[in-house]
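Asker: Contents are compact mmCIF, C-alpha atoms and all ligand atoms; file name final_29.txt:
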```txt
# COMPACT_ATOMS: atom_id res chain seq x y z
CA MET I 1 63.19 64.33 -20.86
CA LYS I 2 66.71 64.25 -22.20
CA TYR I 3 68.24 61.87 -19.66
CA ILE I 4 66.04 59.03 -21.00
CA ASP I 5 68.25 58.94 -24.11
CA SER I 6 71.16 57.79 -21.94
CA PHE I 7 69.20 54.64 -21.14
CA ARG I 8 68.70 53.93 -24.83
CA ASP I 9 72.24 54.72 -25.92
CA THR I 10 73.40 52.20 -28.53
CA ASN I 11 77.01 52.21 -27.34
CA ALA I 12 75.92 51.39 -23.81
CA ILE I 13 73.66 48.65 -25.19
CA ARG I 14 76.60 47.19 -27.11
CA GLY I 15 78.80 47.34 -24.04
CA LEU I 16 76.24 45.60 -21.84
CA VAL I 17 75.54 42.92 -24.44
CA SER I 18 79.21 42.12 -24.76
CA LYS I 19 79.56 41.83 -20.96
CA ILE I 20 76.47 39.61 -20.84
CA HIS I 21 78.01 37.31 -23.46
CA SER I 22 81.22 37.02 -21.52
CA VAL I 23 79.53 36.17 -18.18
CA ALA I 24 77.04 33.79 -19.86
CA GLY I 25 79.98 32.07 -21.55
CA LYS I 26 81.55 31.46 -18.16
CA ILE I 27 78.31 29.95 -16.83
CA GLY I 28 78.02 27.65 -19.83
CA LYS I 29 74.72 25.95 -19.06
CA GLU I 30 71.26 27.20 -20.03
CA ILE I 31 69.92 30.04 -17.90
CA VAL I 32 66.20 30.83 -17.72
CA LEU I 33 65.21 34.30 -16.54
CA MET I 34 61.62 35.39 -16.09
CA GLU I 35 60.40 38.94 -16.49
CA VAL I 36 57.30 39.29 -14.39
CA CYS I 37 55.97 42.59 -15.66
CA GLY I 38 53.97 43.06 -18.86
CA THR I 39 55.62 46.44 -19.40
CA HIS I 40 58.98 44.63 -19.39
CA THR I 41 57.65 42.01 -21.83
CA MET I 42 56.63 44.78 -24.19
CA ALA I 43 59.91 46.70 -23.77
CA ILE I 44 62.01 43.55 -24.36
CA ALA I 45 60.08 42.70 -27.51
CA ARG I 46 60.09 46.27 -28.82
CA ALA I 47 63.84 46.70 -28.37
CA GLY I 48 64.51 43.22 -29.80
CA LEU I 49 66.56 42.29 -26.73
CA ARG I 50 65.99 38.52 -27.06
CA GLN I 51 67.98 38.47 -30.30
CA LEU I 52 70.92 40.21 -28.62
CA LEU I 53 71.34 37.65 -25.85
CA PRO I 54 73.62 34.62 -25.90
CA GLU I 55 72.09 31.27 -26.92
CA ASN I 56 72.16 29.94 -23.38
CA VAL I 57 70.23 32.87 -21.85
CA LYS I 58 66.45 32.50 -22.25
CA LEU I 59 63.95 35.16 -21.27
CA ILE I 60 60.45 33.98 -20.50
CA SER I 61 57.42 36.06 -19.65
CA GLY I 62 55.44 35.62 -16.46
CA PRO I 63 51.99 36.55 -15.17
CA GLY I 64 52.69 40.27 -15.29
CA CYS I 65 49.68 41.70 -17.02
CA PRO I 66 46.88 42.43 -14.53
CA VAL I 67 44.13 42.20 -17.12
CA CYS I 68 45.47 38.94 -18.51
CA VAL I 69 45.56 37.26 -15.11
CA SER I 70 42.03 38.35 -14.20
CA PRO I 71 39.99 35.15 -14.44
CA ASN I 72 36.83 34.70 -16.47
CA SER I 73 34.74 34.88 -13.31
CA PHE I 74 35.92 38.47 -12.72
CA ILE I 75 35.10 39.58 -16.27
CA ASP I 76 31.75 37.78 -16.00
CA LYS I 77 31.00 39.81 -12.87
CA ALA I 78 31.86 43.06 -14.64
CA ILE I 79 29.60 42.06 -17.52
CA ALA I 80 26.76 41.16 -15.14
CA ILE I 81 27.11 44.53 -13.40
CA SER I 82 26.91 46.34 -16.73
CA GLU I 83 23.47 44.78 -17.20
CA LEU I 84 22.04 46.36 -14.04
CA LYS I 85 19.65 49.30 -14.31
CA ASN I 86 20.94 52.83 -13.68
CA THR I 87 24.50 51.65 -13.70
CA ILE I 88 27.55 53.05 -15.43
CA VAL I 89 30.62 50.83 -15.59
CA THR I 90 33.95 52.65 -15.69
CA THR I 91 37.16 50.88 -16.57
CA PHE I 92 40.77 51.32 -17.59
CA GLY I 93 41.06 50.94 -21.36
CA ASP I 94 43.09 47.72 -20.98
CA MET I 95 40.12 45.88 -19.53
CA TYR I 96 37.54 47.07 -22.04
CA ARG I 97 38.11 44.46 -24.75
CA VAL I 98 39.20 41.49 -22.62
CA PRO I 99 36.88 38.59 -23.41
CA SER I 100 35.41 35.92 -21.21
CA GLY I 101 33.11 33.21 -22.53
CA ASN I 102 30.24 35.65 -21.90
CA GLY I 103 31.55 38.45 -24.08
CA SER I 104 33.41 41.58 -23.02
CA LEU I 105 32.68 45.08 -21.75
CA GLU I 106 33.16 46.28 -25.31
CA LYS I 107 30.44 43.91 -26.53
CA GLN I 108 28.19 45.03 -23.69
CA HIS I 109 28.78 48.62 -24.77
CA SER I 110 27.77 47.87 -28.34
CA ARG I 111 24.61 46.23 -26.97
CA GLY I 112 23.71 49.45 -25.19
CA ALA I 113 25.26 49.05 -21.74
CA ARG I 114 26.77 52.23 -20.32
CA ILE I 115 30.52 51.77 -20.23
CA GLU I 116 33.07 54.56 -19.96
CA ILE I 117 36.83 54.21 -20.32
CA VAL I 118 38.70 56.32 -17.78
CA TYR I 119 42.35 57.20 -17.33
CA SER I 120 42.16 57.46 -13.55
CA PRO I 121 39.63 56.16 -11.01
CA PHE I 122 39.22 59.83 -10.07
CA ASP I 123 37.48 60.29 -13.41
CA ALA I 124 34.96 57.69 -12.25
CA ILE I 125 34.32 59.77 -9.12
CA GLU I 126 33.67 62.80 -11.32
CA ILE I 127 31.13 60.82 -13.33
CA ALA I 128 29.47 59.72 -10.08
CA ARG I 129 29.24 63.36 -9.01
CA ARG I 130 27.75 64.46 -12.31
CA LYS I 131 25.23 61.63 -12.44
CA PRO I 132 23.91 61.12 -8.90
CA GLU I 133 20.93 59.09 -10.16
CA ASN I 134 23.28 56.30 -11.32
CA ASN I 135 25.60 53.87 -9.63
CA VAL I 136 29.06 54.32 -11.05
CA VAL I 137 31.10 51.12 -10.75
CA PHE I 138 34.84 51.17 -11.30
CA ILE I 139 36.43 47.89 -12.41
CA GLY I 140 39.41 47.77 -10.08
CA VAL I 141 42.18 45.76 -11.67
CA GLY I 142 45.91 46.18 -11.29
CA PHE I 143 48.87 45.12 -9.18
CA GLU I 144 50.45 46.96 -6.27
CA THR I 145 51.23 49.90 -8.59
CA THR I 146 47.54 50.61 -9.00
CA ALA I 147 46.10 49.43 -5.67
CA PRO I 148 47.12 52.55 -3.67
CA VAL I 149 45.54 54.75 -6.34
CA ILE I 150 42.25 52.87 -6.06
CA ALA I 151 42.51 52.88 -2.25
CA SER I 152 43.00 56.67 -2.27
CA VAL I 153 39.93 57.16 -4.39
CA ILE I 154 37.79 54.93 -2.16
CA LYS I 155 38.97 56.87 0.87
CA TYR I 156 38.23 60.15 -0.90
CA ALA I 157 34.73 58.95 -1.77
CA LYS I 158 34.09 58.26 1.91
CA GLN I 159 35.44 61.64 2.99
CA GLU I 160 33.32 63.43 0.41
CA LYS I 161 30.29 61.25 1.25
CA ILE I 162 29.86 60.15 -2.36
CA LYS I 163 27.29 57.38 -2.19
CA ASN I 164 26.90 56.22 -5.79
CA PHE I 165 30.51 55.17 -6.42
CA LEU I 166 31.50 51.49 -6.17
CA VAL I 167 34.56 49.41 -6.93
CA LEU I 168 34.65 45.84 -8.19
CA ALA I 169 37.78 44.81 -6.35
CA GLY I 170 40.16 42.70 -8.40
CA ASN I 171 43.60 43.96 -7.38
CA LYS I 172 46.34 41.42 -7.10
CA ILE I 173 49.69 41.07 -5.34
CA ILE I 174 52.63 39.82 -7.40
CA PRO I 175 55.14 38.04 -5.08
CA PRO I 176 52.82 35.15 -4.08
CA ALA I 177 52.26 34.36 -7.77
CA MET I 178 56.03 34.37 -8.34
CA GLU I 179 56.42 31.94 -5.47
CA ILE I 180 53.85 29.57 -6.98
CA LEU I 181 55.87 29.54 -10.19
CA VAL I 182 59.21 28.75 -8.53
CA SER I 183 57.71 25.98 -6.47
CA ASP I 184 56.03 24.49 -9.58
CA VAL I 185 57.83 21.32 -10.62
CA HIS I 186 57.33 22.11 -14.31
CA HIS I 187 59.42 25.15 -13.93
CA HIS I 188 63.05 25.76 -13.86
CA LEU I 189 63.89 29.38 -13.18
CA ASP I 190 67.32 30.85 -12.52
CA GLY I 191 66.38 34.47 -11.87
CA PHE I 192 63.63 37.07 -11.77
CA ILE I 193 63.56 40.45 -13.45
CA CYS I 194 61.22 42.09 -10.93
CA PRO I 195 58.57 44.65 -11.87
CA GLY I 196 59.84 48.23 -11.51
CA HIS I 197 56.63 50.07 -10.79
CA VAL I 198 55.15 47.43 -8.51
CA SER I 199 58.40 47.75 -6.57
CA VAL I 200 58.09 51.54 -6.40
CA ILE I 201 55.27 50.74 -3.97
CA ILE I 202 56.38 47.53 -2.23
CA GLY I 203 60.17 48.02 -2.26
CA SER I 204 62.62 45.12 -2.32
CA LYS I 205 61.79 43.21 0.88
CA PRO I 206 58.88 41.08 -0.43
CA TYR I 207 61.27 39.44 -2.92
CA GLU I 208 63.80 38.39 -0.30
CA ILE I 209 62.28 34.97 0.07
CA PHE I 210 63.51 34.09 -3.44
CA PRO I 211 67.24 34.26 -2.70
CA GLU I 212 66.75 33.07 0.87
CA LYS I 213 64.44 30.11 0.35
CA TYR I 214 64.99 29.19 -3.30
CA ASN I 215 68.48 30.54 -4.02
CA ILE I 216 67.05 32.55 -6.91
CA PRO I 217 68.42 36.06 -7.53
CA CYS I 218 66.11 39.01 -8.20
CA VAL I 219 66.80 42.36 -9.86
CA ILE I 220 64.24 45.17 -9.78
CA SER I 221 64.53 46.72 -13.21
CA GLY I 222 63.68 49.91 -15.04
CA PHE I 223 62.05 49.84 -18.45
CA GLU I 224 64.56 51.18 -20.96
CA ALA I 225 66.77 48.85 -23.01
CA CYS I 226 69.87 49.61 -20.91
CA ASP I 227 67.94 49.12 -17.66
CA ILE I 228 66.82 45.65 -18.70
CA LEU I 229 70.22 44.61 -20.04
CA GLN I 230 71.95 45.86 -16.92
CA SER I 231 69.47 43.86 -14.82
CA ILE I 232 70.18 40.73 -16.88
CA LEU I 233 73.90 41.31 -16.35
CA TYR I 234 73.40 41.65 -12.57
CA LEU I 235 71.42 38.40 -12.53
CA LEU I 236 74.08 36.54 -14.53
CA GLU I 237 76.84 37.85 -12.27
CA MET I 238 75.00 36.48 -9.25
CA ILE I 239 74.31 33.15 -10.98
CA ALA I 240 77.98 32.91 -11.99
CA GLY I 241 78.97 33.32 -8.35
CA MET I 242 80.67 36.67 -8.95
CA GLU I 243 78.20 38.34 -6.58
CA LYS I 244 76.10 37.11 -3.70
CA ILE I 245 72.62 35.82 -4.67
CA SER I 246 70.29 38.55 -3.41
CA VAL I 247 67.67 41.12 -4.35
CA LYS I 248 69.28 44.01 -6.22
CA ILE I 249 67.69 47.26 -7.29
CA GLN I 250 68.75 48.41 -10.75
CA TYR I 251 65.89 50.94 -10.97
CA THR I 252 67.34 53.03 -8.14
CA ARG I 253 66.06 56.27 -9.64
CA CYS I 254 62.50 55.27 -8.72
CA VAL I 255 62.68 52.43 -6.20
CA ASP I 256 63.58 52.68 -2.51
CA PRO I 257 64.26 49.44 -0.62
CA GLU I 258 61.33 50.19 1.70
CA GLY I 259 59.02 51.20 -1.16
CA ASN I 260 56.51 54.02 -0.88
CA ILE I 261 55.48 53.98 2.78
CA LYS I 262 52.63 56.45 2.34
CA ALA I 263 51.15 54.43 -0.50
CA LYS I 264 51.46 51.16 1.41
CA LYS I 265 49.73 52.73 4.40
CA ILE I 266 46.68 53.83 2.48
CA MET I 267 46.54 50.47 0.70
CA ASN I 268 46.45 48.69 4.07
CA GLU I 269 43.86 51.11 5.37
CA VAL I 270 41.35 50.28 2.64
CA PHE I 271 42.26 46.75 1.57
CA SER I 272 42.96 43.52 3.37
CA VAL I 273 44.87 40.64 1.84
CA CYS I 274 42.74 37.76 0.55
CA ASP I 275 43.12 34.63 -1.57
CA SER I 276 42.63 35.33 -5.23
CA GLU I 277 42.08 33.44 -8.46
CA TRP I 278 44.56 33.91 -11.33
CA ARG I 279 43.91 32.87 -14.90
CA GLY I 280 45.96 29.79 -15.70
CA ILE I 281 47.28 29.40 -12.17
CA GLY I 282 44.14 29.09 -10.08
CA LEU I 283 43.58 30.22 -6.51
CA ILE I 284 46.71 31.67 -4.89
CA LYS I 285 46.81 32.22 -1.15
CA SER I 286 47.17 35.84 0.00
CA SER I 287 47.52 37.16 -3.54
CA GLY I 288 44.57 39.52 -3.75
CA LEU I 289 43.13 42.61 -2.11
CA ALA I 290 39.60 42.82 -0.72
CA ILE I 291 37.86 45.98 0.47
CA LYS I 292 37.83 46.16 4.28
CA ASP I 293 34.60 46.22 6.28
CA GLU I 294 34.97 49.95 7.06
CA TYR I 295 34.67 50.65 3.35
CA LYS I 296 32.14 47.94 2.43
CA GLN I 297 29.67 50.52 1.15
CA TYR I 298 32.06 50.97 -1.80
CA ASP I 299 32.41 47.26 -2.51
CA ALA I 300 30.41 46.49 -5.65
CA GLU I 301 30.35 42.78 -4.98
CA TYR I 302 28.93 43.29 -1.51
CA MET I 303 26.48 46.06 -2.38
CA LEU I 304 25.05 44.97 -5.72
CA ASP I 305 22.78 42.07 -6.30
CA VAL I 306 24.12 40.37 -9.41
CA SER I 307 23.79 36.84 -10.59
CA VAL I 308 26.85 35.73 -12.50
CA ASN I 309 27.11 32.93 -15.02
CA ILE I 310 30.71 31.86 -14.86
CA SER I 311 32.04 31.10 -18.32
CA HIS I 312 34.86 28.93 -19.59
CA ASP I 313 37.97 29.73 -21.59
CA ARG I 314 37.77 29.62 -25.35
CA HIS I 315 38.71 26.09 -26.29
CA GLY I 316 42.26 25.96 -27.62
CA CYS I 317 43.49 29.26 -26.13
CA ILE I 318 46.57 28.49 -24.02
CA CYS I 319 46.78 31.89 -22.28
CA GLY I 320 46.95 30.13 -18.92
CA ASP I 321 50.17 28.33 -19.83
CA VAL I 322 51.58 31.42 -21.54
CA LEU I 323 51.03 33.34 -18.28
CA LYS I 324 52.94 30.71 -16.36
CA GLY I 325 55.79 30.87 -18.84
CA ILE I 326 55.37 27.17 -19.68
CA LYS I 327 54.35 27.84 -23.28
CA ARG I 328 55.13 30.60 -25.75
CA PRO I 329 52.52 32.30 -27.93
CA VAL I 330 54.00 30.54 -30.99
CA ASP I 331 53.04 27.23 -29.37
CA CYS I 332 49.38 28.20 -29.70
CA ILE I 333 47.54 26.93 -32.79
CA PHE I 334 45.53 30.16 -32.98
CA PHE I 335 48.51 32.53 -32.78
CA LYS I 336 48.60 34.89 -35.79
CA LYS I 337 46.20 32.65 -37.70
CA VAL I 338 42.90 32.99 -35.92
CA CYS I 339 44.05 35.15 -33.03
CA THR I 340 45.29 38.66 -33.86
CA PRO I 341 45.09 42.00 -32.05
CA GLU I 342 42.16 42.94 -34.31
CA ASN I 343 40.44 39.66 -33.60
CA PRO I 344 41.75 38.45 -30.27
CA VAL I 345 40.75 35.06 -28.90
CA GLY I 346 42.33 35.36 -25.45
CA PRO I 347 43.28 38.14 -23.02
CA CYS I 348 47.01 37.75 -23.72
CA MET I 349 46.35 39.05 -27.24
CA VAL I 350 43.89 41.78 -26.26
CA SER I 351 45.88 43.57 -23.65
CA SER I 352 48.52 45.88 -25.05
CA GLU I 353 50.93 44.33 -22.55
CA GLY I 354 49.88 40.74 -23.03
CA THR I 355 52.61 38.31 -24.04
CA CYS I 356 50.80 37.24 -27.22
CA ALA I 357 50.31 40.88 -28.26
CA ALA I 358 54.00 41.62 -27.62
CA TYR I 359 55.10 38.60 -29.67
CA TYR I 360 52.63 39.45 -32.41
CA ALA I 361 53.87 43.02 -32.73
CA TYR I 362 57.61 42.53 -32.43
CA GLU I 363 59.04 39.06 -32.13
CA LYS I 364 59.99 37.05 -35.20
CA MET W 1 49.26 48.24 -17.20
CA CYS W 2 51.78 49.28 -14.60
CA LEU W 3 53.08 51.84 -17.03
CA ALA W 4 54.14 54.98 -15.21
CA ILE W 5 55.96 57.94 -16.69
CA PRO W 6 58.10 60.72 -15.26
CA MET W 7 56.49 64.15 -15.60
CA LYS W 8 57.68 67.53 -14.38
CA VAL W 9 55.76 69.41 -11.70
CA ILE W 10 54.78 72.83 -13.03
CA SER W 11 52.54 74.02 -10.22
CA LYS W 12 50.83 72.62 -7.17
CA LYS W 13 47.92 73.35 -4.90
CA GLY W 14 47.10 71.17 -1.90
CA ASN W 15 46.97 67.55 -2.99
CA THR W 16 46.97 68.29 -6.70
CA ALA W 17 49.65 69.37 -9.14
CA ILE W 18 49.93 70.22 -12.80
CA VAL W 19 52.60 68.13 -14.50
CA ASP W 20 54.11 68.37 -17.95
CA LEU W 21 55.71 65.97 -20.40
CA ASP W 22 56.87 67.49 -23.68
CA GLY W 23 54.15 70.10 -23.55
CA VAL W 24 51.36 67.72 -22.58
CA ARG W 25 49.89 68.89 -19.28
CA ARG W 26 47.82 67.01 -16.85
CA GLN W 27 46.35 67.48 -13.40
CA ILE W 28 47.38 64.75 -10.98
CA ASP W 29 47.00 63.85 -7.33
CA ILE W 30 50.20 64.07 -5.29
CA SER W 31 48.93 62.83 -1.93
CA LEU W 32 50.89 59.54 -2.14
CA VAL W 33 54.26 61.31 -2.27
CA SER W 34 55.79 63.50 0.43
CA ARG W 35 57.32 66.92 -0.16
CA VAL W 36 56.72 67.37 -3.86
CA LYS W 37 58.29 70.61 -5.10
CA ILE W 38 57.84 72.58 -8.30
CA GLY W 39 60.50 71.42 -10.77
CA ASP W 40 60.59 67.84 -9.38
CA TYR W 41 59.98 64.93 -11.68
CA VAL W 42 57.32 62.56 -10.40
CA ILE W 43 56.40 59.10 -11.68
CA VAL W 44 52.76 59.27 -12.76
CA HIS W 45 50.39 56.32 -12.85
CA ALA W 46 46.60 56.49 -13.36
CA GLY W 47 46.40 60.15 -12.41
CA PHE W 48 48.57 59.88 -9.29
CA ALA W 49 52.21 60.58 -8.54
CA ILE W 50 53.50 57.34 -7.04
CA GLN W 51 57.12 58.42 -6.44
CA LYS W 52 59.62 61.17 -7.02
CA LEU W 53 62.33 60.49 -9.59
CA LYS W 54 65.67 60.68 -7.84
CA LYS W 55 67.98 62.69 -10.05
CA LYS W 56 71.12 61.67 -8.24
CA ASP W 57 70.39 57.95 -8.68
CA ALA W 58 69.50 58.47 -12.34
CA GLU W 59 72.85 60.15 -12.86
CA GLU W 60 74.68 57.36 -11.06
CA THR W 61 73.12 54.73 -13.31
CA ILE W 62 74.04 56.78 -16.36
CA ALA W 63 77.64 57.06 -15.11
CA LEU W 64 77.72 53.27 -14.67
CA LEU W 65 76.50 52.79 -18.22
CA LYS W 66 79.19 55.15 -19.52
CA GLU W 67 81.76 53.10 -17.63
CA VAL W 68 80.60 49.84 -19.26
CA ASN W 69 80.83 51.59 -22.56
CA SER W 70 84.42 52.77 -22.07
CA GLU W 71 85.55 49.38 -20.68
CA ILE W 72 84.39 47.77 -23.90
CA HIS W 73 86.13 50.25 -26.16
CA ARG W 74 89.39 50.17 -24.28
S1 LIG M 1 47.55 33.46 -29.33
FE1 LIG M 1 45.47 34.01 -28.77
S2 LIG M 1 44.43 32.07 -28.42
FE2 LIG M 1 46.61 31.66 -28.38
S3 LIG M 1 47.21 31.81 -26.22
FE3 LIG M 1 47.53 33.82 -27.12
S4 LIG M 1 45.62 34.91 -26.72
FE4 LIG M 1 45.17 32.72 -26.40
```
Once more with this new file: its structure as structure tokens, please.
Ligand code: SF4
Answerer:
Amino acid sequence: MKYIDSFRDTNAIRGLVSKIHSVAGKIGKEIVLMEVCGTHTMAIARAGLRQLLPENVKLISGPGCPVCVSPNSFIDKAIAISELKNTIVTTFGDMYRVPSGNGSLEKQHSRGARIEIVYSPFDAIEIARRKPENNVVFIGVGFETTAPVIASVIKYAKQEKIKNFLVLAGNKIIPPAMEILVSDVHHHLDGFICPGHVSVIIGSKPYEIFPEKYNIPCVISGFEACDILQSILYLLEMIAGMEKISVKIQYTRCVDPEGNIKAKKIMNEVFSVCDSEWRGIGLIKSSGLAIKDEYKQYDAEYMLDVSVNISHDRHGCICGDVLKGIKRPVDCIFFKKVCTPENPVGPCMVSSEGTCAAYYAYEK
Amino acid sequence: MCLAIPMKVISKKGNTAIVDLDGVRRQIDISLVSRVKIGDYVIVHAGFAIQKLKKKDAEETIALLKEVNSEIHR
């Protein structure tokens, strides 16, 4: 699509960078901005945006990669399910290689387990239809962007009376994790670059507590270089006192303040909010989605009898702190030496949107 | 993982549509978005349209960027 070029235009980038320098100069002190979405992390690294920013503006990456924040216990469950008889595990490609102390789905596959990578959970339904003698389990990871998609498919399975389709529910909700980070004493944050496609679904309201309670501005950003720079500029203008501290939408072409009402409705029909464990952060109240009782027959955890050995992190991997934005990949002793995308030690290197993978590929 | 891309609706039937991006075509579900028309751009994630791309807002952002650009070169 041609219009995309306008968001990558080098003159516009230059213009935004120069404005950013002038506002940052006025602020003077160090400003720490967190991008919460893994797609932003990747886009920032790819476009080399960090190098364009003034010295006093730091961008740090947050817990924005759904596979990276899935704890070992979740991966262990997926692995245990793949060992059941007459079972096919289906997963998004991102999850396939993510290791826990017990291995990974990829390793299970090489040992003979039946694992299929799918693009959409609908593909898993198709497999279930074609192979009625098997249970087809979909590994349901993702934030609010993905949750309505998984909810739709569960609802469809019920309508169509498909009985051999199950979901291992691991969907997570982003704002509660952001709140944990701002209330963490180790953290000083001046602004959030909020995830564009999560916000397509949830809109801008769930972020309002950040300006209101913590005086932290938020900008919901698109994913092109100009989108991200414009969002940084908006944040700096609010921090400098030129604009009121609030939640702004930069990604207006896709995000409505109220979000996608239809998608939220179906999400609430199938899922209820539950506490959920995040890698590196621990249990966060009301940050996960569980399958409601009406749809329990599709809940893999409820329906399948699996015994799970919960494993520990690889010793030395600091993914947990990287996800909180406390440490950078370069602070890890394994980074680039032992841990590479070909031979990843932790999930932040495996996932294409993990912070370690982004730094490995693009950052100096 | 929250990657979602705008694709153009080529045809539709009930809850499904065929979308196109640079010649790559795909069948998607459009039940999460109201009033999808042929010719619309929809944001596609994991086989579903999750929103329509609003052309007018895209143009407004582009106009803003042009403005920044001309301010700098003045
Ligand atoms: S570089 Fe590898 S080992 Fe170190 S934190 Fe990142 S993923 Fe973990």
Asker: Hey, can you check how far atom CA of I:His197 sits from atom CA of I:Gly222?
Answerer: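 The value is 8.2 Å.
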Asker: W:His45, W:Lys52, W:Lys66, W:Lys8: which is nearest W:Asp22, counting only C-alpha atoms?
Answerer: W:Lys8
Asker: For I:Asn268, list every protein, DNA or RNA residue within 10 Å, evaluated using only C-alpha atoms, and leave out those in the same chain fewer than 4 positions away; present the list as a compact mmCIF listing (two decimals) with C-alpha atoms, in the coordinates of the input.
Answerer:
```txt
# COMPACT_ATOMS: atom_id res chain seq x y z
CA ALA I 147 46.10 49.43 -5.67
CA PRO I 148 47.12 52.55 -3.67
CA ALA I 151 42.51 52.88 -2.25
CA ALA I 263 51.15 54.43 -0.50
CA LYS I 264 51.46 51.16 1.41
CA SER I 272 42.96 43.52 3.37
CA VAL I 273 44.87 40.64 1.84
CA LEU I 289 43.13 42.61 -2.11
CA ILE I 291 37.86 45.98 0.47
CA LYS I 292 37.83 46.16 4.28
```
Asker: To one decimal place, how far is atom CA of I:Pro217 from atom CA of I:Asn171 in Å?
Answerer: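 Spanning atom CA of I:Pro217 to atom CA of I:Asn171 is a straight-line distance of 26.0 Å.
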Asker: Counting all atoms listed in the file, which protein, DNA or RNA residues come within 12 Å of ligand LIG 1 (chain M), given as a compact mmCIF listing (two decimals) with C-alpha atoms, keeping the file's coordinate frame?
Answerer:
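As written to disk, result_16.txt reads:
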```txt
# COMPACT_ATOMS: atom_id res chain seq x y z
CA CYS I 68 45.47 38.94 -18.51
CA VAL I 69 45.56 37.26 -15.11
CA VAL I 98 39.20 41.49 -22.62
CA PRO I 99 36.88 38.59 -23.41
CA SER I 100 35.41 35.92 -21.21
CA ARG I 279 43.91 32.87 -14.90
CA GLY I 280 45.96 29.79 -15.70
CA ASP I 313 37.97 29.73 -21.59
CA ARG I 314 37.77 29.62 -25.35
CA HIS I 315 38.71 26.09 -26.29
CA GLY I 316 42.26 25.96 -27.62
CA CYS I 317 43.49 29.26 -26.13
CA ILE I 318 46.57 28.49 -24.02
CA CYS I 319 46.78 31.89 -22.28
CA GLY I 320 46.95 30.13 -18.92
CA ASP I 321 50.17 28.33 -19.83
CA VAL I 322 51.58 31.42 -21.54
CA LEU I 323 51.03 33.34 -18.28
CA LYS I 324 52.94 30.71 -16.36
CA GLY I 325 55.79 30.87 -18.84
CA ILE I 326 55.37 27.17 -19.68
CA LYS I 327 54.35 27.84 -23.28
CA ARG I 328 55.13 30.60 -25.75
CA PRO I 329 52.52 32.30 -27.93
CA VAL I 330 54.00 30.54 -30.99
CA ASP I 331 53.04 27.23 -29.37
CA CYS I 332 49.38 28.20 -29.70
CA ILE I 333 47.54 26.93 -32.79
CA PHE I 334 45.53 30.16 -32.98
CA PHE I 335 48.51 32.53 -32.78
CA LYS I 336 48.60 34.89 -35.79
CA LYS I 337 46.20 32.65 -37.70
CA VAL I 338 42.90 32.99 -35.92
CA CYS I 339 44.05 35.15 -33.03
CA THR I 340 45.29 38.66 -33.86
CA PRO I 341 45.09 42.00 -32.05
CA GLU I 342 42.16 42.94 -34.31
CA ASN I 343 40.44 39.66 -33.60
CA PRO I 344 41.75 38.45 -30.27
CA VAL I 345 40.75 35.06 -28.90
CA GLY I 346 42.33 35.36 -25.45
CA PRO I 347 43.28 38.14 -23.02
CA CYS I 348 47.01 37.75 -23.72
CA MET I 349 46.35 39.05 -27.24
CA VAL I 350 43.89 41.78 -26.26
CA SER I 351 45.88 43.57 -23.65
CA SER I 352 48.52 45.88 -25.05
CA GLU I 353 50.93 44.33 -22.55
CA GLY I 354 49.88 40.74 -23.03
CA THR I 355 52.61 38.31 -24.04
CA CYS I 356 50.80 37.24 -27.22
CA ALA I 357 50.31 40.88 -28.26
CA ALA I 358 54.00 41.62 -27.62
CA TYR I 359 55.10 38.60 -29.67
CA TYR I 360 52.63 39.45 -32.41
CA ALA I 361 53.87 43.02 -32.73
```
Asker: May I have the residues of chain W within 10 Å of chain I, counting all atoms listed in the file, written as a PyMOL selection string?
Answerer: chain W and resi 1-8+21-22+28-29+31-34+41-43+45-73
Asker: For atom CA of I:Gln297 and atom CA of I:Pro132, quote the distance in Å rounded to one decimal.
Answerer: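 Computed distance, atom CA of I:Gln297 to atom CA of I:Pro132, equals 15.7 Å.
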Asker: What lies within 8 Å of W:Asp20 using all atoms listed in the file, ignoring chain neighbours under 2 positions off, as a VMD selection string?
Answerer: chain W and resid 7 to 10 18 22 to 26
Asker: How would the residues just picked look written out with C-alpha atoms as a PDB file, keeping the file's coordinate frame?
Answerer:
```pdb
ATOM      1  CA  MET W   7      56.490  64.150 -15.600  1.00  0.00           C
ATOM      2  CA  LYS W   8      57.680  67.530 -14.380  1.00  0.00           C
ATOM      3  CA  VAL W   9      55.760  69.410 -11.700  1.00  0.00           C
ATOM      4  CA  ILE W  10      54.780  72.830 -13.030  1.00  0.00           C
ATOM      5  CA  ILE W  18      49.930  70.220 -12.800  1.00  0.00           C
ATOM      6  CA  ASP W  22      56.870  67.490 -23.680  1.00  0.00           C
ATOM      7  CA  GLY W  23      54.150  70.100 -23.550  1.00  0.00           C
ATOM      8  CA  VAL W  24      51.360  67.720 -22.580  1.00  0.00           C
ATOM      9  CA  ARG W  25      49.890  68.890 -19.280  1.00  0.00           C
ATOM     10  CA  ARG W  26      47.820  67.010 -16.850  1.00  0.00           C
TER      11      ARG W  26
END
```
Asker: Check the smallest atom-to-atom distance from each of I:Ser82, I:Thr91, I:Asn135, I:Ser246 to I:Arg111 using only C-alpha atoms, then report the winner.
Answerer: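 With only C-alpha atoms as the atom set, the closest residue is I:Ser82.
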Asker: Which is closer to I:Ile139 than all the others in I:Ile27, I:Leu52, I:Ile117, I:Ala78, using all atoms listed in the file?
Answerer: I:Ala78
